[in-house]
file work-v7.txt (compact mmCIF, C-alpha atoms and all ligand atoms)
# COMPACT_ATOMS: atom_id res chain seq x y z
CA MET A 202 -65.41 131.62 -105.68
CA THR A 203 -68.43 130.82 -107.81
CA THR A 204 -71.89 131.83 -106.69
CA ALA A 205 -74.47 129.03 -106.46
CA ILE A 206 -77.84 129.86 -108.01
CA THR A 207 -80.72 127.94 -106.46
CA LEU A 208 -84.47 127.95 -107.04
CA VAL A 209 -87.24 127.49 -104.51
CA ARG A 210 -90.98 127.61 -104.97
CA GLY A 211 -92.67 129.41 -102.09
CA ASP A 212 -93.26 132.49 -100.01
CA ILE A 213 -90.10 134.57 -99.65
CA THR A 214 -91.11 135.70 -96.15
CA ARG A 215 -90.71 132.05 -94.99
CA GLN A 216 -87.11 131.83 -96.15
CA SER A 217 -84.06 131.75 -93.97
CA ALA A 218 -81.25 133.76 -95.54
CA ASP A 219 -78.84 136.57 -94.67
CA VAL A 220 -80.74 138.87 -97.01
CA ILE A 221 -84.34 138.85 -98.21
CA VAL A 222 -84.87 141.20 -101.13
CA ASN A 223 -88.04 143.27 -101.27
CA ALA A 224 -89.63 144.26 -104.60
CA ALA A 225 -90.55 147.68 -103.23
CA ASN A 226 -91.72 150.94 -104.74
CA SER A 227 -89.81 154.19 -104.50
CA SER A 228 -91.84 155.43 -101.52
CA LEU A 229 -90.31 152.64 -99.41
CA LEU A 230 -93.49 152.81 -97.34
CA GLY A 231 -95.05 149.50 -98.34
CA GLY A 232 -97.47 148.17 -100.90
CA GLY A 233 -98.93 144.89 -102.11
CA GLY A 234 -97.30 141.66 -103.30
CA VAL A 235 -93.90 140.81 -101.83
CA ASP A 236 -93.67 144.26 -100.26
CA GLY A 237 -96.91 143.86 -98.31
CA ALA A 238 -95.97 140.34 -97.22
CA ILE A 239 -92.51 141.43 -95.99
CA HIS A 240 -93.87 144.30 -93.94
CA ARG A 241 -96.66 142.14 -92.51
CA ARG A 242 -94.42 139.31 -91.42
CA GLY A 243 -91.35 141.41 -90.68
CA GLY A 244 -93.22 143.75 -88.34
CA PRO A 245 -92.98 147.50 -87.74
CA ALA A 246 -89.20 147.73 -87.32
CA ILE A 247 -88.73 147.56 -91.09
CA LEU A 248 -91.16 150.40 -91.77
CA ARG A 249 -89.51 152.48 -89.05
CA GLU A 250 -86.14 152.21 -90.83
CA CYS A 251 -87.76 152.89 -94.19
CA ARG A 252 -89.32 156.07 -92.80
CA ALA A 253 -85.92 157.11 -91.45
CA LEU A 254 -84.39 156.58 -94.91
CA ARG A 255 -87.11 158.78 -96.42
CA ALA A 256 -86.31 161.45 -93.84
CA SER A 257 -82.59 161.34 -94.67
CA ARG A 258 -80.83 159.89 -97.74
CA TYR A 259 -83.92 159.26 -99.84
CA GLY A 260 -86.13 162.29 -99.33
CA LYS A 261 -87.50 161.90 -102.85
CA GLY A 262 -87.74 158.13 -102.59
CA LEU A 263 -85.49 155.30 -103.75
CA PRO A 264 -84.86 155.61 -107.50
CA THR A 265 -85.73 152.71 -109.80
CA GLY A 266 -82.83 150.26 -110.16
CA GLN A 267 -81.24 151.15 -106.81
CA ALA A 268 -81.13 149.22 -103.53
CA VAL A 269 -80.96 149.98 -99.82
CA ALA A 270 -80.79 147.77 -96.72
CA THR A 271 -82.78 147.85 -93.50
CA THR A 272 -83.23 145.50 -90.60
CA ALA A 273 -85.20 142.34 -91.37
CA GLY A 274 -87.33 142.77 -88.25
CA ASP A 275 -89.00 139.49 -87.33
CA LEU A 276 -88.04 137.71 -90.58
CA ASP A 277 -85.51 134.89 -90.44
CA ALA A 278 -82.86 137.08 -92.05
CA ARG A 279 -80.32 139.70 -91.04
CA TRP A 280 -81.33 142.34 -93.55
CA VAL A 281 -84.03 143.23 -96.01
CA ILE A 282 -82.66 144.89 -99.12
CA HIS A 283 -85.31 147.02 -100.79
CA THR A 284 -85.07 147.59 -104.51
CA VAL A 285 -87.39 149.28 -106.97
CA GLY A 286 -87.97 147.43 -110.21
CA PRO A 287 -89.11 149.19 -113.38
CA VAL A 288 -92.73 149.03 -114.50
CA TYR A 289 -92.77 146.98 -117.71
CA SER A 290 -93.27 148.97 -120.89
CA PRO A 291 -93.84 147.44 -124.32
CA ASP A 292 -92.63 150.71 -125.89
CA GLU A 293 -89.40 151.31 -124.01
CA ASP A 294 -86.59 148.92 -123.12
CA ARG A 295 -86.19 149.16 -119.35
CA SER A 296 -84.24 145.92 -118.97
CA GLY A 297 -81.12 147.83 -117.90
CA LEU A 298 -83.02 149.05 -114.86
CA LEU A 299 -84.22 145.54 -114.01
CA ALA A 300 -80.66 144.21 -114.30
CA SER A 301 -79.51 147.09 -112.10
CA CYS A 302 -81.85 145.94 -109.32
CA TYR A 303 -80.12 142.54 -109.12
CA ARG A 304 -76.64 144.05 -109.43
CA GLU A 305 -77.23 146.73 -106.81
CA CYS A 306 -78.79 144.27 -104.36
CA LEU A 307 -75.75 142.03 -104.70
CA ARG A 308 -73.42 145.00 -104.24
CA VAL A 309 -75.20 146.10 -101.05
CA ALA A 310 -75.39 142.49 -99.81
CA ALA A 311 -71.67 141.94 -100.32
CA GLU A 312 -70.89 145.22 -98.54
CA LEU A 313 -72.87 143.96 -95.56
CA GLY A 314 -71.01 140.64 -95.62
CA ALA A 315 -74.08 138.59 -96.57
CA ARG A 316 -73.45 135.09 -97.87
CA THR A 317 -77.00 134.10 -98.86
CA VAL A 318 -79.47 136.32 -100.69
CA ALA A 319 -83.08 135.42 -101.48
CA PHE A 320 -84.65 137.28 -104.41
CA PRO A 321 -88.25 137.39 -105.59
CA ALA A 322 -88.96 137.76 -109.32
CA ILE A 323 -88.68 141.55 -109.28
CA SER A 324 -91.19 143.51 -111.43
CA THR A 325 -93.19 140.42 -112.49
CA GLY A 326 -96.29 141.15 -110.40
CA VAL A 327 -97.87 144.57 -110.10
CA TYR A 328 -95.18 145.92 -112.48
CA ARG A 329 -96.23 143.36 -115.18
CA TRP A 330 -92.84 142.28 -116.55
CA PRO A 331 -93.27 139.06 -118.60
CA MET A 332 -91.97 136.20 -116.45
CA ARG A 333 -89.76 134.46 -118.99
CA ASP A 334 -87.95 137.68 -119.92
CA ALA A 335 -87.61 138.72 -116.28
CA ALA A 336 -86.13 135.31 -115.47
CA ARG A 337 -83.60 135.63 -118.29
CA ILE A 338 -82.52 139.10 -117.11
CA ALA A 339 -82.32 137.97 -113.47
CA VAL A 340 -80.20 134.89 -114.13
CA GLU A 341 -77.94 136.53 -116.73
CA THR A 342 -77.30 139.48 -114.44
CA VAL A 343 -76.43 137.34 -111.43
CA LYS A 344 -74.10 135.21 -113.54
CA ALA A 345 -72.41 138.28 -114.98
CA THR A 346 -71.96 140.01 -111.61
CA GLY A 347 -68.83 139.01 -109.81
CA THR A 348 -69.92 138.83 -106.18
CA ALA A 349 -68.71 137.47 -102.87
CA VAL A 350 -72.26 136.30 -102.14
CA GLU A 351 -72.15 132.49 -101.99
CA GLU A 352 -75.77 131.63 -102.72
CA VAL A 353 -78.34 133.51 -104.75
CA ARG A 354 -81.73 131.91 -104.19
CA PHE A 355 -84.66 132.82 -106.39
CA VAL A 356 -87.90 132.32 -104.50
CA LEU A 357 -90.73 131.86 -106.96
CA PHE A 358 -94.32 132.12 -105.91
CA ASP A 359 -95.92 129.68 -108.35
CA ASP A 360 -95.15 126.91 -110.82
CA PRO A 361 -95.02 129.07 -113.98
CA ALA A 362 -92.48 131.37 -112.32
CA HIS A 363 -90.44 128.41 -111.11
CA GLU A 364 -90.48 126.88 -114.60
CA ALA A 365 -89.41 130.16 -116.20
CA PHE A 366 -86.38 130.40 -113.92
CA ALA A 367 -85.56 126.70 -114.24
CA GLY A 368 -85.49 127.21 -118.01
CA GLN A 369 -82.61 129.65 -117.57
CA LEU A 370 -80.41 127.24 -115.64
CA PRO A 371 -78.49 124.20 -116.85
N1 LIG A 401 -93.05 135.44 -101.94
C1 LIG A 401 -92.47 135.28 -103.15
N2 LIG A 401 -92.94 135.85 -104.29
C2 LIG A 401 -94.07 136.57 -104.18
C3 LIG A 401 -94.75 136.78 -102.96
C4 LIG A 401 -94.18 136.17 -101.80
N3 LIG A 401 -94.74 136.31 -100.59
N4 LIG A 401 -95.84 137.57 -103.19
C5 LIG A 401 -95.86 137.83 -104.51
N5 LIG A 401 -94.81 137.21 -105.11
P1 LIG A 401 -94.83 142.11 -106.82
P2 LIG A 401 -93.40 144.05 -108.54
C6 LIG A 401 -94.39 137.26 -106.54
O1 LIG A 401 -96.15 142.62 -107.31
O2 LIG A 401 -94.01 143.50 -109.77
C7 LIG A 401 -95.91 146.34 -104.61
O3 LIG A 401 -97.16 146.92 -104.36
C8 LIG A 401 -95.42 137.70 -107.53
O4 LIG A 401 -96.22 136.59 -107.94
O5 LIG A 401 -94.66 141.84 -105.39
O6 LIG A 401 -91.93 144.36 -108.53
C9 LIG A 401 -94.77 147.30 -104.37
O7 LIG A 401 -95.04 148.18 -103.31
C10 LIG A 401 -94.53 138.20 -108.67
O8 LIG A 401 -94.09 137.12 -109.50
O9 LIG A 401 -93.63 143.14 -107.22
C11 LIG A 401 -94.67 148.02 -105.67
O10 LIG A 401 -95.60 149.07 -105.76
C12 LIG A 401 -93.30 138.75 -107.96
O11 LIG A 401 -93.36 138.22 -106.65
C13 LIG A 401 -95.02 146.99 -106.69
O12 LIG A 401 -95.85 146.04 -105.99
C14 LIG A 401 -93.22 140.26 -107.87
O13 LIG A 401 -94.53 140.80 -107.67
C15 LIG A 401 -93.81 146.23 -107.19
O14 LIG A 401 -94.22 145.37 -108.22
call {"tool": "encode", "arguments": {"input": "work-v7.txt", "output": "structure tokens", "more": "lines below"}}
Ligand code: AR6
result
Amino acid sequence: MTTAITLVRGDITRQSADVIVNAANSSLLGGGGVDGAIHRRGGPAILRECRALRASRYGKGLPTGQAVATTAGDLDARWVIHTVGPVYSPDEDRSGLLASCYRECLRVAAELGARTVAFPAISTGVYRWPMRDAARIAVETVKATGTAVEEVRFVLFDDPAHEAFAGQLP
């Protein structure tokens, strides 16, 4: 079955989906941007599970490019999948790690049986990845990843981000 790619402009914490993806950092203990918004609106249950992950599988933190699921707490979702995008570097090509975030989130989502996954534009905020390039990597990676997920929804915070993603779709 083919995966539908949809675009929405808005706040990802207001979405209804099986999975909401968090652009986290490797500490898994919160931060600004999407991460801060998810923990604020999702409530303390998410942080509790993140702390448990740090005390078990991810003692040194979640490596860049990987993904792990927790409860979605009070969000209108079944799971939050946390992934750690790369910090943009003009000197080093880290696009493989950014692609890995999308691929790994879809792998974890499919394992959970999720049908709809909402992604933010990973790495394009605090981590400074240029929006147009991040949009290209995101859309190309989702298209190239065979997944049982039925809908991949990119939730873009502002018009420039929405336009960058729209430019990657037919
Ligand atoms: N809904 C949708 N998109 C959002 C929202 C929201 N509520 N808030 C921001 N964006 P960022 P990163 C957009 O910084 O670059 C955190 O401190 C934002 O405009 O959230 O991967 C973590 O703890 C931008 O386009 O994530 C890490 O330390 C995009 O989401 C670090 O930031 C991603 O911005 C991760 O940086």
call {"tool": "closest_residue", "arguments": {"input": "work-v7.txt", "among": "A:Pro291, A:Tyr303, A:Arg258, A:Asp219", "to": "Pro321 (chain A)", "atoms": "all atoms listed in the file"}}
result
A:Tyr303
call {"tool": "closest_atom_pairs", "arguments": {"input": "work-v7.txt", "of": "chain A", "to": "ligand LIG 401 (chain A)", "cutoff": "6 Å", "atoms": "all atoms listed in the file", "output": "CSV"}}
result
residue,atom,partner,partner_atom,distance
A:Gly211,CA,A:LIG401,C1,6.0
A:Asp212,CA,A:LIG401,N1,3.5
A:Ile213,CA,A:LIG401,N1,3.8
A:Thr214,CA,A:LIG401,N3,5.8
A:Ala224,CA,A:LIG401,O6,4.6
A:Ala225,CA,A:LIG401,C9,4.4
A:Asn226,CA,A:LIG401,C11,4.3
A:Gly231,CA,A:LIG401,O7,5.1
A:Gly232,CA,A:LIG401,O7,3.4
A:Gly233,CA,A:LIG401,O3,3.5
A:Gly234,CA,A:LIG401,O5,3.4
A:Val235,CA,A:LIG401,O5,3.8
A:Asp236,CA,A:LIG401,O7,5.2
A:Ala238,CA,A:LIG401,N3,5.4
A:Gly286,CA,A:LIG401,O6,5.3
A:Pro321,CA,A:LIG401,N2,5.1
A:Ala322,CA,A:LIG401,C12,4.7
A:Ile323,CA,A:LIG401,O6,4.4
A:Ser324,CA,A:LIG401,O6,3.1
A:Thr325,CA,A:LIG401,O2,4.2
A:Gly326,CA,A:LIG401,O13,3.3
A:Val327,CA,A:LIG401,O1,3.8
A:Tyr328,CA,A:LIG401,O2,3.8
A:Arg329,CA,A:LIG401,O2,5.8
A:Val356,CA,A:LIG401,C1,5.6
A:Leu357,CA,A:LIG401,N2,5.3
A:Phe358,CA,A:LIG401,N2,4.3
call {"tool": "residues_around", "arguments": {"input": "work-v7.txt", "residues": "region 270-284 of chain A", "least_positions_apart": "4", "cutoff": "8 Å", "atoms": "all atoms listed in the file", "output": "number ranges by chain"}}
result
A: 214-226, 229, 239, 242-247, 250-251, 263, 265-266, 302, 306, 309-310
call {"tool": "closest_residue", "arguments": {"input": "work-v7.txt", "among": "A:Gln369, A:Thr317, A:Ser227, A:Ser296", "to": "Val269 (chain A)", "atoms": "only C-alpha atoms"}}
result
A:Ser227
call {"tool": "closest_residue", "arguments": {"input": "work-v7.txt", "among": "A:Gly297, A:Pro264, A:Gly314, A:Gly237", "to": "Ala339 (chain A)", "atoms": "all atoms listed in the file"}}
result
A:Gly297
call {"tool": "residues_near_point", "arguments": {"input": "work-v7.txt", "point": "(-84.5, 126.2, -103.3)", "cutoff": "8 Å", "atoms": "only C-alpha atoms", "output": "list in words"}}
result
Thr207, Leu208, Val209, Arg210, Arg354, Phe355 and Val356 of chain A
call {"tool": "write_last_selection", "arguments": {"input": "work-v7.txt", "atoms": "C-alpha atoms", "output": "CSV table (one decimal), in the frame of the given file"}}
result
chain,number,residue,atom,x,y,z
A,207,THR,CA,-80.7,127.9,-106.5
A,208,LEU,CA,-84.5,128.0,-107.0
A,209,VAL,CA,-87.2,127.5,-104.5
A,210,ARG,CA,-91.0,127.6,-105.0
A,354,ARG,CA,-81.7,131.9,-104.2
A,355,PHE,CA,-84.7,132.8,-106.4
A,356,VAL,CA,-87.9,132.3,-104.5
call {"tool": "closest_residue", "arguments": {"input": "work-v7.txt", "among": "A:Leu307, A:Leu230, A:Ala253, A:Val288", "to": "Gln267 (chain A)", "atoms": "all atoms listed in the file"}}
result
A:Leu307
call {"tool": "atom_distance", "arguments": {"input": "work-v7.txt", "atom1": "CA of Ala367 (chain A)", "atom2": "CA of Ala345 (chain A)"}}
result
17.5 Å
call {"tool": "atom_distance", "arguments": {"input": "work-v7.txt", "atom1": "CA of Ala362 (chain A)", "atom2": "CA of Thr346 (chain A)"}}
result
22.3 Å
call {"tool": "atom_distance", "arguments": {"input": "work-v7.txt", "atom1": "CA of Trp330 (chain A)", "atom2": "CA of Leu298 (chain A)"}}
result
12.0 Å
call {"tool": "closest_residue", "arguments": {"input": "work-v7.txt", "among": "A:Ile206, A:Leu313, A:Ala268, A:Leu299", "to": "Val340 (chain A)", "atoms": "all atoms listed in the file"}}
result
A:Ile206
call {"tool": "closest_residue", "arguments": {"input": "work-v7.txt", "among": "A:Asp359, A:Ile338, A:Gly262, A:Phe320", "to": "Arg295 (chain A)", "atoms": "only C-alpha atoms"}}
result
A:Ile338
call {"tool": "build_atoms", "arguments": {"input": "work-v7.txt", "residues": "region 285-296 of chain A", "atoms": "all heavy atoms", "output": "PDB file, in the frame of the given file"}}
result
ATOM      1  N   VAL A 285     -86.222 148.842-106.211  1.00  0.00           N
ATOM      2  CA  VAL A 285     -87.390 149.280-106.970  1.00  0.00           C
ATOM      3  C   VAL A 285     -87.222 148.853-108.417  1.00  0.00           C
ATOM      4  O   VAL A 285     -86.354 149.376-109.129  1.00  0.00           O
ATOM      5  CB  VAL A 285     -87.576 150.807-106.890  1.00  0.00           C
ATOM      6  CG1 VAL A 285     -88.855 151.215-107.627  1.00  0.00           C
ATOM      7  CG2 VAL A 285     -87.619 151.261-105.444  1.00  0.00           C
ATOM      8  N   GLY A 286     -88.011 147.884-108.823  1.00  0.00           N
ATOM      9  CA  GLY A 286     -87.970 147.430-110.210  1.00  0.00           C
ATOM     10  C   GLY A 286     -88.683 148.423-111.115  1.00  0.00           C
ATOM     11  O   GLY A 286     -89.495 149.242-110.658  1.00  0.00           O
ATOM     12  N   PRO A 287     -88.387 148.354-112.422  1.00  0.00           N
ATOM     13  CA  PRO A 287     -89.110 149.190-113.380  1.00  0.00           C
ATOM     14  C   PRO A 287     -90.491 148.605-113.679  1.00  0.00           C
ATOM     15  O   PRO A 287     -90.668 147.387-113.667  1.00  0.00           O
ATOM     16  CB  PRO A 287     -88.231 149.121-114.630  1.00  0.00           C
ATOM     17  CG  PRO A 287     -87.496 147.806-114.513  1.00  0.00           C
ATOM     18  CD  PRO A 287     -87.330 147.529-113.050  1.00  0.00           C
ATOM     19  N   VAL A 288     -91.440 149.468-113.960  1.00  0.00           N
ATOM     20  CA  VAL A 288     -92.730 149.030-114.500  1.00  0.00           C
ATOM     21  C   VAL A 288     -92.470 148.596-115.937  1.00  0.00           C
ATOM     22  O   VAL A 288     -91.764 149.287-116.684  1.00  0.00           O
ATOM     23  CB  VAL A 288     -93.753 150.190-114.462  1.00  0.00           C
ATOM     24  CG1 VAL A 288     -95.065 149.777-115.122  1.00  0.00           C
ATOM     25  CG2 VAL A 288     -93.987 150.646-113.035  1.00  0.00           C
ATOM     26  N   TYR A 289     -92.992 147.448-116.342  1.00  0.00           N
ATOM     27  CA  TYR A 289     -92.770 146.980-117.710  1.00  0.00           C
ATOM     28  C   TYR A 289     -93.419 147.926-118.708  1.00  0.00           C
ATOM     29  O   TYR A 289     -94.527 148.413-118.489  1.00  0.00           O
ATOM     30  CB  TYR A 289     -93.375 145.581-117.891  1.00  0.00           C
ATOM     31  CG  TYR A 289     -93.153 145.063-119.293  1.00  0.00           C
ATOM     32  CD1 TYR A 289     -91.897 144.647-119.702  1.00  0.00           C
ATOM     33  CD2 TYR A 289     -94.201 145.026-120.206  1.00  0.00           C
ATOM     34  CE1 TYR A 289     -91.682 144.201-120.990  1.00  0.00           C
ATOM     35  CE2 TYR A 289     -93.987 144.577-121.497  1.00  0.00           C
ATOM     36  CZ  TYR A 289     -92.724 144.168-121.883  1.00  0.00           C
ATOM     37  OH  TYR A 289     -92.523 143.729-123.157  1.00  0.00           O
ATOM     38  N   SER A 290     -92.704 148.180-119.799  1.00  0.00           N
ATOM     39  CA  SER A 290     -93.270 148.970-120.890  1.00  0.00           C
ATOM     40  C   SER A 290     -93.033 148.256-122.205  1.00  0.00           C
ATOM     41  O   SER A 290     -91.894 147.888-122.510  1.00  0.00           O
ATOM     42  CB  SER A 290     -92.611 150.347-120.933  1.00  0.00           C
ATOM     43  OG  SER A 290     -92.887 150.963-122.175  1.00  0.00           O
ATOM     44  N   PRO A 291     -94.062 148.047-123.010  1.00  0.00           N
ATOM     45  CA  PRO A 291     -93.840 147.440-124.320  1.00  0.00           C
ATOM     46  C   PRO A 291     -93.178 148.409-125.291  1.00  0.00           C
ATOM     47  O   PRO A 291     -92.665 148.001-126.323  1.00  0.00           O
ATOM     48  CB  PRO A 291     -95.268 147.085-124.794  1.00  0.00           C
ATOM     49  CG  PRO A 291     -96.184 147.924-123.983  1.00  0.00           C
ATOM     50  CD  PRO A 291     -95.471 148.309-122.723  1.00  0.00           C
ATOM     51  N   ASP A 292     -93.143 149.692-124.971  1.00  0.00           N
ATOM     52  CA  ASP A 292     -92.630 150.710-125.890  1.00  0.00           C
ATOM     53  C   ASP A 292     -91.200 151.139-125.606  1.00  0.00           C
ATOM     54  O   ASP A 292     -90.568 151.801-126.413  1.00  0.00           O
ATOM     55  CB  ASP A 292     -93.502 151.985-125.811  1.00  0.00           C
ATOM     56  CG  ASP A 292     -94.971 151.654-125.962  1.00  0.00           C
ATOM     57  OD1 ASP A 292     -95.290 150.841-126.838  1.00  0.00           O
ATOM     58  OD2 ASP A 292     -95.775 152.197-125.170  1.00  0.00           O
ATOM     59  N   GLU A 293     -90.713 150.803-124.421  1.00  0.00           N
ATOM     60  CA  GLU A 293     -89.400 151.310-124.010  1.00  0.00           C
ATOM     61  C   GLU A 293     -88.648 150.159-123.354  1.00  0.00           C
ATOM     62  O   GLU A 293     -89.223 149.453-122.528  1.00  0.00           O
ATOM     63  CB  GLU A 293     -89.624 152.442-122.990  1.00  0.00           C
ATOM     64  CG  GLU A 293     -88.397 153.200-122.621  1.00  0.00           C
ATOM     65  CD  GLU A 293     -88.653 154.173-121.463  1.00  0.00           C
ATOM     66  OE1 GLU A 293     -89.713 154.084-120.805  1.00  0.00           O
ATOM     67  OE2 GLU A 293     -87.783 155.006-121.215  1.00  0.00           O
ATOM     68  N   ASP A 294     -87.385 149.995-123.714  1.00  0.00           N
ATOM     69  CA  ASP A 294     -86.590 148.920-123.120  1.00  0.00           C
ATOM     70  C   ASP A 294     -86.047 149.366-121.762  1.00  0.00           C
ATOM     71  O   ASP A 294     -85.128 150.186-121.699  1.00  0.00           O
ATOM     72  CB  ASP A 294     -85.438 148.549-124.052  1.00  0.00           C
ATOM     73  CG  ASP A 294     -84.615 147.411-123.473  1.00  0.00           C
ATOM     74  OD1 ASP A 294     -85.027 146.815-122.451  1.00  0.00           O
ATOM     75  OD2 ASP A 294     -83.543 147.120-124.041  1.00  0.00           O
ATOM     76  N   ARG A 295     -86.624 148.808-120.712  1.00  0.00           N
ATOM     77  CA  ARG A 295     -86.190 149.160-119.350  1.00  0.00           C
ATOM     78  C   ARG A 295     -85.406 148.019-118.702  1.00  0.00           C
ATOM     79  O   ARG A 295     -85.261 147.955-117.489  1.00  0.00           O
ATOM     80  CB  ARG A 295     -87.419 149.498-118.495  1.00  0.00           C
ATOM     81  CG  ARG A 295     -88.165 150.700-119.042  1.00  0.00           C
ATOM     82  CD  ARG A 295     -89.430 150.998-118.265  1.00  0.00           C
ATOM     83  NE  ARG A 295     -90.103 152.162-118.844  1.00  0.00           N
ATOM     84  CZ  ARG A 295     -91.338 152.549-118.557  1.00  0.00           C
ATOM     85  NH1 ARG A 295     -92.038 151.859-117.669  1.00  0.00           N
ATOM     86  NH2 ARG A 295     -91.861 153.601-119.132  1.00  0.00           N
ATOM     87  N   SER A 296     -84.908 147.085-119.548  1.00  0.00           N
ATOM     88  CA  SER A 296     -84.240 145.920-118.970  1.00  0.00           C
ATOM     89  C   SER A 296     -82.961 146.282-118.233  1.00  0.00           C
ATOM     90  O   SER A 296     -82.571 145.591-117.295  1.00  0.00           O
ATOM     91  CB  SER A 296     -83.991 144.851-120.043  1.00  0.00           C
ATOM     92  OG  SER A 296     -83.381 145.417-121.158  1.00  0.00           O
TER      93      SER A 296
END
